[in-house]
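**Q** Got a file for you: model.pdb, PDB, C-alpha atoms and all ligand atoms.
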```pdb
ATOM      1  CA  MET D   1     102.725 123.551  97.836  1.00  0.00           C
ATOM      2  CA  ASP D   2     104.020 124.935 101.106  1.00  0.00           C
ATOM      3  CA  CYS D   3     107.251 123.012 101.614  1.00  0.00           C
ATOM      4  CA  ILE D   4     110.236 124.651 103.369  1.00  0.00           C
ATOM      5  CA  PHE D   5     112.757 122.447 101.581  1.00  0.00           C
ATOM      6  CA  CYS D   6     111.233 123.096  98.127  1.00  0.00           C
ATOM      7  CA  LYS D   7     111.594 126.814  98.949  1.00  0.00           C
ATOM      8  CA  ILE D   8     115.251 126.248  99.890  1.00  0.00           C
ATOM      9  CA  ILE D   9     115.770 124.424  96.558  1.00  0.00           C
ATOM     10  CA  LYS D  10     114.226 127.391  94.691  1.00  0.00           C
ATOM     11  CA  GLY D  11     116.336 129.853  96.707  1.00  0.00           C
ATOM     12  CA  GLU D  12     113.237 131.479  98.235  1.00  0.00           C
ATOM     13  CA  ILE D  13     114.599 130.670 101.718  1.00  0.00           C
ATOM     14  CA  PRO D  14     118.345 131.138 102.255  1.00  0.00           C
ATOM     15  CA  SER D  15     120.512 128.188 103.252  1.00  0.00           C
ATOM     16  CA  GLU D  16     124.183 127.408 103.678  1.00  0.00           C
ATOM     17  CA  LYS D  17     124.612 125.068 100.740  1.00  0.00           C
ATOM     18  CA  VAL D  18     127.510 122.613 100.907  1.00  0.00           C
ATOM     19  CA  TYR D  19     126.795 120.416  97.851  1.00  0.00           C
ATOM     20  CA  GLU D  20     124.699 120.527  94.709  1.00  0.00           C
ATOM     21  CA  SER D  21     124.232 118.190  91.748  1.00  0.00           C
ATOM     22  CA  GLU D  22     121.530 117.761  89.110  1.00  0.00           C
ATOM     23  CA  ASN D  23     119.160 115.905  91.455  1.00  0.00           C
ATOM     24  CA  VAL D  24     120.436 116.540  94.981  1.00  0.00           C
ATOM     25  CA  ILE D  25     121.302 119.457  97.251  1.00  0.00           C
ATOM     26  CA  ALA D  26     122.783 119.548 100.747  1.00  0.00           C
ATOM     27  CA  PHE D  27     122.872 122.380 103.254  1.00  0.00           C
ATOM     28  CA  LYS D  28     123.628 122.957 106.931  1.00  0.00           C
ATOM     29  CA  ASP D  29     120.853 122.166 109.402  1.00  0.00           C
ATOM     30  CA  ILE D  30     119.568 125.361 111.026  1.00  0.00           C
ATOM     31  CA  ASN D  31     119.576 123.669 114.462  1.00  0.00           C
ATOM     32  CA  PRO D  32     122.684 121.458 114.484  1.00  0.00           C
ATOM     33  CA  MET D  33     122.732 118.410 116.789  1.00  0.00           C
ATOM     34  CA  ALA D  34     126.439 117.723 116.143  1.00  0.00           C
ATOM     35  CA  PRO D  35     129.484 119.775 115.045  1.00  0.00           C
ATOM     36  CA  VAL D  36     128.695 118.705 111.471  1.00  0.00           C
ATOM     37  CA  HIS D  37     124.963 118.433 110.698  1.00  0.00           C
ATOM     38  CA  ILE D  38     124.057 118.519 107.029  1.00  0.00           C
ATOM     39  CA  LEU D  39     120.702 117.811 105.398  1.00  0.00           C
ATOM     40  CA  ILE D  40     120.844 116.027 102.037  1.00  0.00           C
ATOM     41  CA  ILE D  41     117.671 116.149  99.963  1.00  0.00           C
ATOM     42  CA  PRO D  42     116.351 115.266  96.509  1.00  0.00           C
ATOM     43  CA  LYS D  43     115.405 118.263  94.360  1.00  0.00           C
ATOM     44  CA  THR D  44     112.083 116.592  93.585  1.00  0.00           C
ATOM     45  CA  HIS D  45     109.453 116.690  96.297  1.00  0.00           C
ATOM     46  CA  ILE D  46     109.192 113.201  97.836  1.00  0.00           C
ATOM     47  CA  GLU D  47     107.293 113.225 101.131  1.00  0.00           C
ATOM     48  CA  GLY D  48     109.600 110.823 102.931  1.00  0.00           C
ATOM     49  CA  ALA D  49     111.010 107.293 102.876  1.00  0.00           C
ATOM     50  CA  ASN D  50     107.450 105.930 102.932  1.00  0.00           C
ATOM     51  CA  ALA D  51     106.860 107.584  99.546  1.00  0.00           C
ATOM     52  CA  LEU D  52     109.811 105.860  97.872  1.00  0.00           C
ATOM     53  CA  ASP D  53     109.027 103.442  95.061  1.00  0.00           C
ATOM     54  CA  LYS D  54     110.892 101.861  92.165  1.00  0.00           C
ATOM     55  CA  ASP D  55     110.391 104.957  90.011  1.00  0.00           C
ATOM     56  CA  ASN D  56     111.973 107.463  92.423  1.00  0.00           C
ATOM     57  CA  VAL D  57     114.329 105.419  94.636  1.00  0.00           C
ATOM     58  CA  ALA D  58     117.398 105.942  92.418  1.00  0.00           C
ATOM     59  CA  VAL D  59     117.937 109.373  93.948  1.00  0.00           C
ATOM     60  CA  VAL D  60     118.710 107.669  97.282  1.00  0.00           C
ATOM     61  CA  SER D  61     121.831 106.155  95.685  1.00  0.00           C
ATOM     62  CA  GLU D  62     122.850 109.628  94.572  1.00  0.00           C
ATOM     63  CA  ILE D  63     122.236 110.923  98.102  1.00  0.00           C
ATOM     64  CA  MET D  64     124.450 108.200  99.598  1.00  0.00           C
ATOM     65  CA  LEU D  65     127.278 109.044  97.209  1.00  0.00           C
ATOM     66  CA  ALA D  66     126.808 112.749  97.970  1.00  0.00           C
ATOM     67  CA  ALA D  67     127.024 111.871 101.681  1.00  0.00           C
ATOM     68  CA  ARG D  68     130.381 110.159 101.180  1.00  0.00           C
ATOM     69  CA  GLN D  69     131.688 113.160  99.300  1.00  0.00           C
ATOM     70  CA  ILE D  70     130.384 115.663 101.862  1.00  0.00           C
ATOM     71  CA  ALA D  71     131.795 113.583 104.755  1.00  0.00           C
ATOM     72  CA  GLU D  72     135.168 113.657 103.057  1.00  0.00           C
ATOM     73  CA  SER D  73     134.987 117.417 102.502  1.00  0.00           C
ATOM     74  CA  PHE D  74     134.259 117.924 106.232  1.00  0.00           C
ATOM     75  CA  ASN D  75     137.174 115.628 107.177  1.00  0.00           C
ATOM     76  CA  LEU D  76     134.966 113.049 108.892  1.00  0.00           C
ATOM     77  CA  GLU D  77     137.478 110.251 108.387  1.00  0.00           C
ATOM     78  CA  ASN D  78     136.842 109.132 111.988  1.00  0.00           C
ATOM     79  CA  GLY D  79     133.237 108.283 111.130  1.00  0.00           C
ATOM     80  CA  TRP D  80     129.806 109.731 110.612  1.00  0.00           C
ATOM     81  CA  ARG D  81     126.126 108.798 110.628  1.00  0.00           C
ATOM     82  CA  ILE D  82     123.279 109.136 108.149  1.00  0.00           C
ATOM     83  CA  VAL D  83     119.668 109.104 109.366  1.00  0.00           C
ATOM     84  CA  THR D  84     116.228 109.635 107.908  1.00  0.00           C
ATOM     85  CA  ASN D  85     113.224 110.093 110.164  1.00  0.00           C
ATOM     86  CA  VAL D  86     109.869 108.772 108.950  1.00  0.00           C
ATOM     87  CA  GLY D  87     106.453 109.939 110.099  1.00  0.00           C
ATOM     88  CA  GLU D  88     105.219 110.932 113.523  1.00  0.00           C
ATOM     89  CA  ASP D  89     106.924 108.218 115.604  1.00  0.00           C
ATOM     90  CA  GLY D  90     110.132 108.626 113.619  1.00  0.00           C
ATOM     91  CA  GLY D  91     110.211 112.324 114.472  1.00  0.00           C
ATOM     92  CA  GLN D  92     109.853 113.628 110.907  1.00  0.00           C
ATOM     93  CA  THR D  93     108.926 117.314 111.050  1.00  0.00           C
ATOM     94  CA  VAL D  94     109.568 118.335 107.420  1.00  0.00           C
ATOM     95  CA  LYS D  95     107.574 116.343 104.870  1.00  0.00           C
ATOM     96  CA  HIS D  96     110.244 116.367 102.164  1.00  0.00           C
ATOM     97  CA  LEU D  97     112.617 113.385 102.160  1.00  0.00           C
ATOM     98  CA  HIS D  98     115.889 114.325 103.839  1.00  0.00           C
ATOM     99  CA  PHE D  99     118.893 112.554 105.248  1.00  0.00           C
ATOM    100  CA  HIS D 100     120.754 113.947 108.253  1.00  0.00           C
ATOM    101  CA  LEU D 101     124.523 113.579 107.938  1.00  0.00           C
ATOM    102  CA  LEU D 102     126.009 113.869 111.437  1.00  0.00           C
ATOM    103  CA  GLY D 103     129.587 113.864 112.591  1.00  0.00           C
ATOM    104  CA  GLY D 104     132.468 115.728 114.149  1.00  0.00           C
ATOM    105  CA  LYS D 105     132.195 114.018 117.535  1.00  0.00           C
ATOM    106  CA  LYS D 106     131.608 110.537 118.951  1.00  0.00           C
ATOM    107  CA  LEU D 107     127.850 110.176 118.507  1.00  0.00           C
ATOM    108  CA  SER D 108     125.729 108.491 121.156  1.00  0.00           C
ATOM    109  CA  ILE D 109     122.988 105.988 120.379  1.00  0.00           C
ATOM    110  CA  GLU D 110     120.068 107.858 121.945  1.00  0.00           C
ATOM    111  CA  LEU D 111     116.790 106.476 120.661  1.00  0.00           C
ATOM    112  CA  ALA D 112     114.310 107.749 123.240  1.00  0.00           C
TER     113      ALA D 112
HETATM  114  P1  LIG F   1     113.266 116.073 110.775  1.00  0.00           P
HETATM  115  O1  LIG F   1     112.936 116.393 112.201  1.00  0.00           O
HETATM  116  O2  LIG F   1     112.063 116.271 109.867  1.00  0.00           O
HETATM  117  O3  LIG F   1     113.944 114.762 110.572  1.00  0.00           O
HETATM  118  O4  LIG F   1     114.361 117.139 110.363  1.00  0.00           O
HETATM  119  C1  LIG F   1     114.072 118.409 109.891  1.00  0.00           C
HETATM  120  C2  LIG F   1     115.319 119.217 110.084  1.00  0.00           C
HETATM  121  O5  LIG F   1     115.208 120.397 109.306  1.00  0.00           O
HETATM  122  C3  LIG F   1     115.563 119.660 111.523  1.00  0.00           C
HETATM  123  O6  LIG F   1     116.802 119.162 111.975  1.00  0.00           O
HETATM  124  C4  LIG F   1     115.533 121.192 111.443  1.00  0.00           C
HETATM  125  O7  LIG F   1     116.503 121.802 112.285  1.00  0.00           O
HETATM  126  C5  LIG F   1     115.820 121.447 109.978  1.00  0.00           C
HETATM  127  N1  LIG F   1     115.223 122.660 109.446  1.00  0.00           N
HETATM  128  C6  LIG F   1     113.918 123.054 109.579  1.00  0.00           C
HETATM  129  N2  LIG F   1     113.714 124.219 108.927  1.00  0.00           N
HETATM  130  C7  LIG F   1     114.896 124.561 108.372  1.00  0.00           C
HETATM  131  C8  LIG F   1     115.316 125.677 107.570  1.00  0.00           C
HETATM  132  O8  LIG F   1     114.549 126.582 107.232  1.00  0.00           O
HETATM  133  N3  LIG F   1     116.628 125.707 107.188  1.00  0.00           N
HETATM  134  C9  LIG F   1     117.499 124.717 107.546  1.00  0.00           C
HETATM  135  N4  LIG F   1     118.761 124.853 107.121  1.00  0.00           N
HETATM  136  N5  LIG F   1     117.150 123.648 108.285  1.00  0.00           N
HETATM  137  C10 LIG F   1     115.857 123.573 108.700  1.00  0.00           C
HETATM  138 ZN    ZN F   2     109.344 119.767  99.119  1.00  0.00          ZN
END
```
Please rewrite the model in this file as structure tokens.
Ligand code: 5GP
Ligand code: ZN
**A**
Amino acid sequence: MDCIFCKIIKGEIPSEKVYESENVIAFKDINPMAPVHILIIPKTHIEGANALDKDNVAVVSEIMLAARQIAESFNLENGWRIVTNVGEDGGQTVKHLHFHLLGGKKLSIELA
């Protein structure tokens, strides 16, 4: 399967890793939209939030707890945002479930 994020998990594509656990890794986004822009992903290939079901959804809890920990390590005590894009209209370009953790400035609500 030709998935960029699976290749990052396997170490076939380099990344700036900031967190790793048994089921989750997080690394810096290559094209940051904020001073802190981290991608948090499950190590198993799940296509996106639309592919979540009762058998694989537990990893989302782990991702949320990882997000808290990463936010703390980047000193985002003033606040942060977590976002997942789904499908074409949602702007999802990589078909491996990922959560954007954004912070380090006052973020605007720009939905267009
Ligand atoms: P999406 O648009 O699917 O929600 O987000 C995909 C994100 O992955 C984008 O923000 C993009 O900059 C990031 N990205 C794409 N390819 C790579 C890569 O090879 N390395 C890293 N670190 N980020 C990537
Ligand atoms: Zn994948």
**Q** In Å to one decimal, how far is atom CA of Asn75 of chain D from atom CA of Phe27 of chain D?
**A**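 Calculated distance between atom CA of Phe27 of chain D and atom CA of Asn75 of chain D is 16.3 Å.
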**Q** Step by step, measure atom-to-atom distances between ligand ZN 2 (chain F) and each residue using all atoms listed in the file, keep those at most 10 Å, then write them as a JSON list (two decimals) with C-alpha atoms, in the coordinates of the input.
**A**
```
[["chain", "number", "residue", "atom", "x", "y", "z"],
["D", 1, "MET", "CA", 102.72, 123.55, 97.84],
["D", 2, "ASP", "CA", 104.02, 124.94, 101.11],
["D", 3, "CYS", "CA", 107.25, 123.01, 101.61],
["D", 4, "ILE", "CA", 110.24, 124.65, 103.37],
["D", 5, "PHE", "CA", 112.76, 122.45, 101.58],
["D", 6, "CYS", "CA", 111.23, 123.10, 98.13],
["D", 7, "LYS", "CA", 111.59, 126.81, 98.95],
["D", 8, "ILE", "CA", 115.25, 126.25, 99.89],
["D", 9, "ILE", "CA", 115.77, 124.42, 96.56],
["D", 41, "ILE", "CA", 117.67, 116.15, 99.96],
["D", 42, "PRO", "CA", 116.35, 115.27, 96.51],
["D", 43, "LYS", "CA", 115.40, 118.26, 94.36],
["D", 44, "THR", "CA", 112.08, 116.59, 93.58],
["D", 45, "HIS", "CA", 109.45, 116.69, 96.30],
["D", 46, "ILE", "CA", 109.19, 113.20, 97.84],
["D", 47, "GLU", "CA", 107.29, 113.22, 101.13],
["D", 48, "GLY", "CA", 109.60, 110.82, 102.93],
["D", 94, "VAL", "CA", 109.57, 118.34, 107.42],
["D", 95, "LYS", "CA", 107.57, 116.34, 104.87],
["D", 96, "HIS", "CA", 110.24, 116.37, 102.16],
["D", 97, "LEU", "CA", 112.62, 113.38, 102.16],
["D", 98, "HIS", "CA", 115.89, 114.32, 103.84]]
```
**Q** Around (124.4, 122.3, 110.0) in the file's own coordinates, what residues are found within 10 Å if you use only C-alpha atoms, given back as a ChimeraX atom specification?
**A** /D:15-18,26-39,100-102
**Q** Need to verify the contact set: Ile25 of chain D, 6 Å, all atoms listed in the file, exclusion of same-chain residues closer than 3 positions in sequence. Can you return it as a list in words?
**A** Tyr19, Glu20, Ile40 and Ile41 of chain D
**Q** Atom CA of Ala51 of chain D and atom CA of Gly79 of chain D, how far apart in Å?
**A**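 Taking atom CA of Gly79 of chain D and atom CA of Ala51 of chain D, their separation equals 28.8 Å.
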**Q** Could you jot down the atom CA of Glu88 of chain D to atom C6 of ligand LIG 1 (chain F) separation for me, Å, one decimal place?
**A**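 The value is 15.4 Å.
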**Q** Return the padded bounding box of ligand LIG 1 (chain F) as JSON: axis-aligned, built from all atoms listed in the file, 4 Å added on each side, with centre and edge lengths in Å to one decimal.
**A**
```
{"center_x": 115.4, "center_y": 120.7, "center_z": 109.7, "size_x": 14.7, "size_y": 19.8, "size_z": 13.2}
```
**Q** Taking only C-alpha atoms and all ligand atoms into account, name the residue in D:Leu52, D:Phe99, D:Ile109, D:Gly104 that is nearest to ligand LIG 1 (chain F).
**A**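 Ranking D:Leu52, D:Phe99, D:Ile109, D:Gly104 by distance to ligand LIG 1 (chain F), first place goes to D:Phe99.
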**Q** Between D:Ile82, D:Val24, D:Ala71, D:Val59, which has the minimum distance to ligand LIG 1 (chain F) (counting all atoms listed in the file)?
**A**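 Among the listed residues, the smallest separation from ligand LIG 1 (chain F) belongs to D:Ile82.
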**Q** When you count all atoms listed in the file, which of these residues is closest to Ile70 of chain D: D:Gly103, D:Glu110, D:Asn23, D:Gln92?
**A**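 Answer, going by the shortest atom-to-atom distance: D:Gly103.
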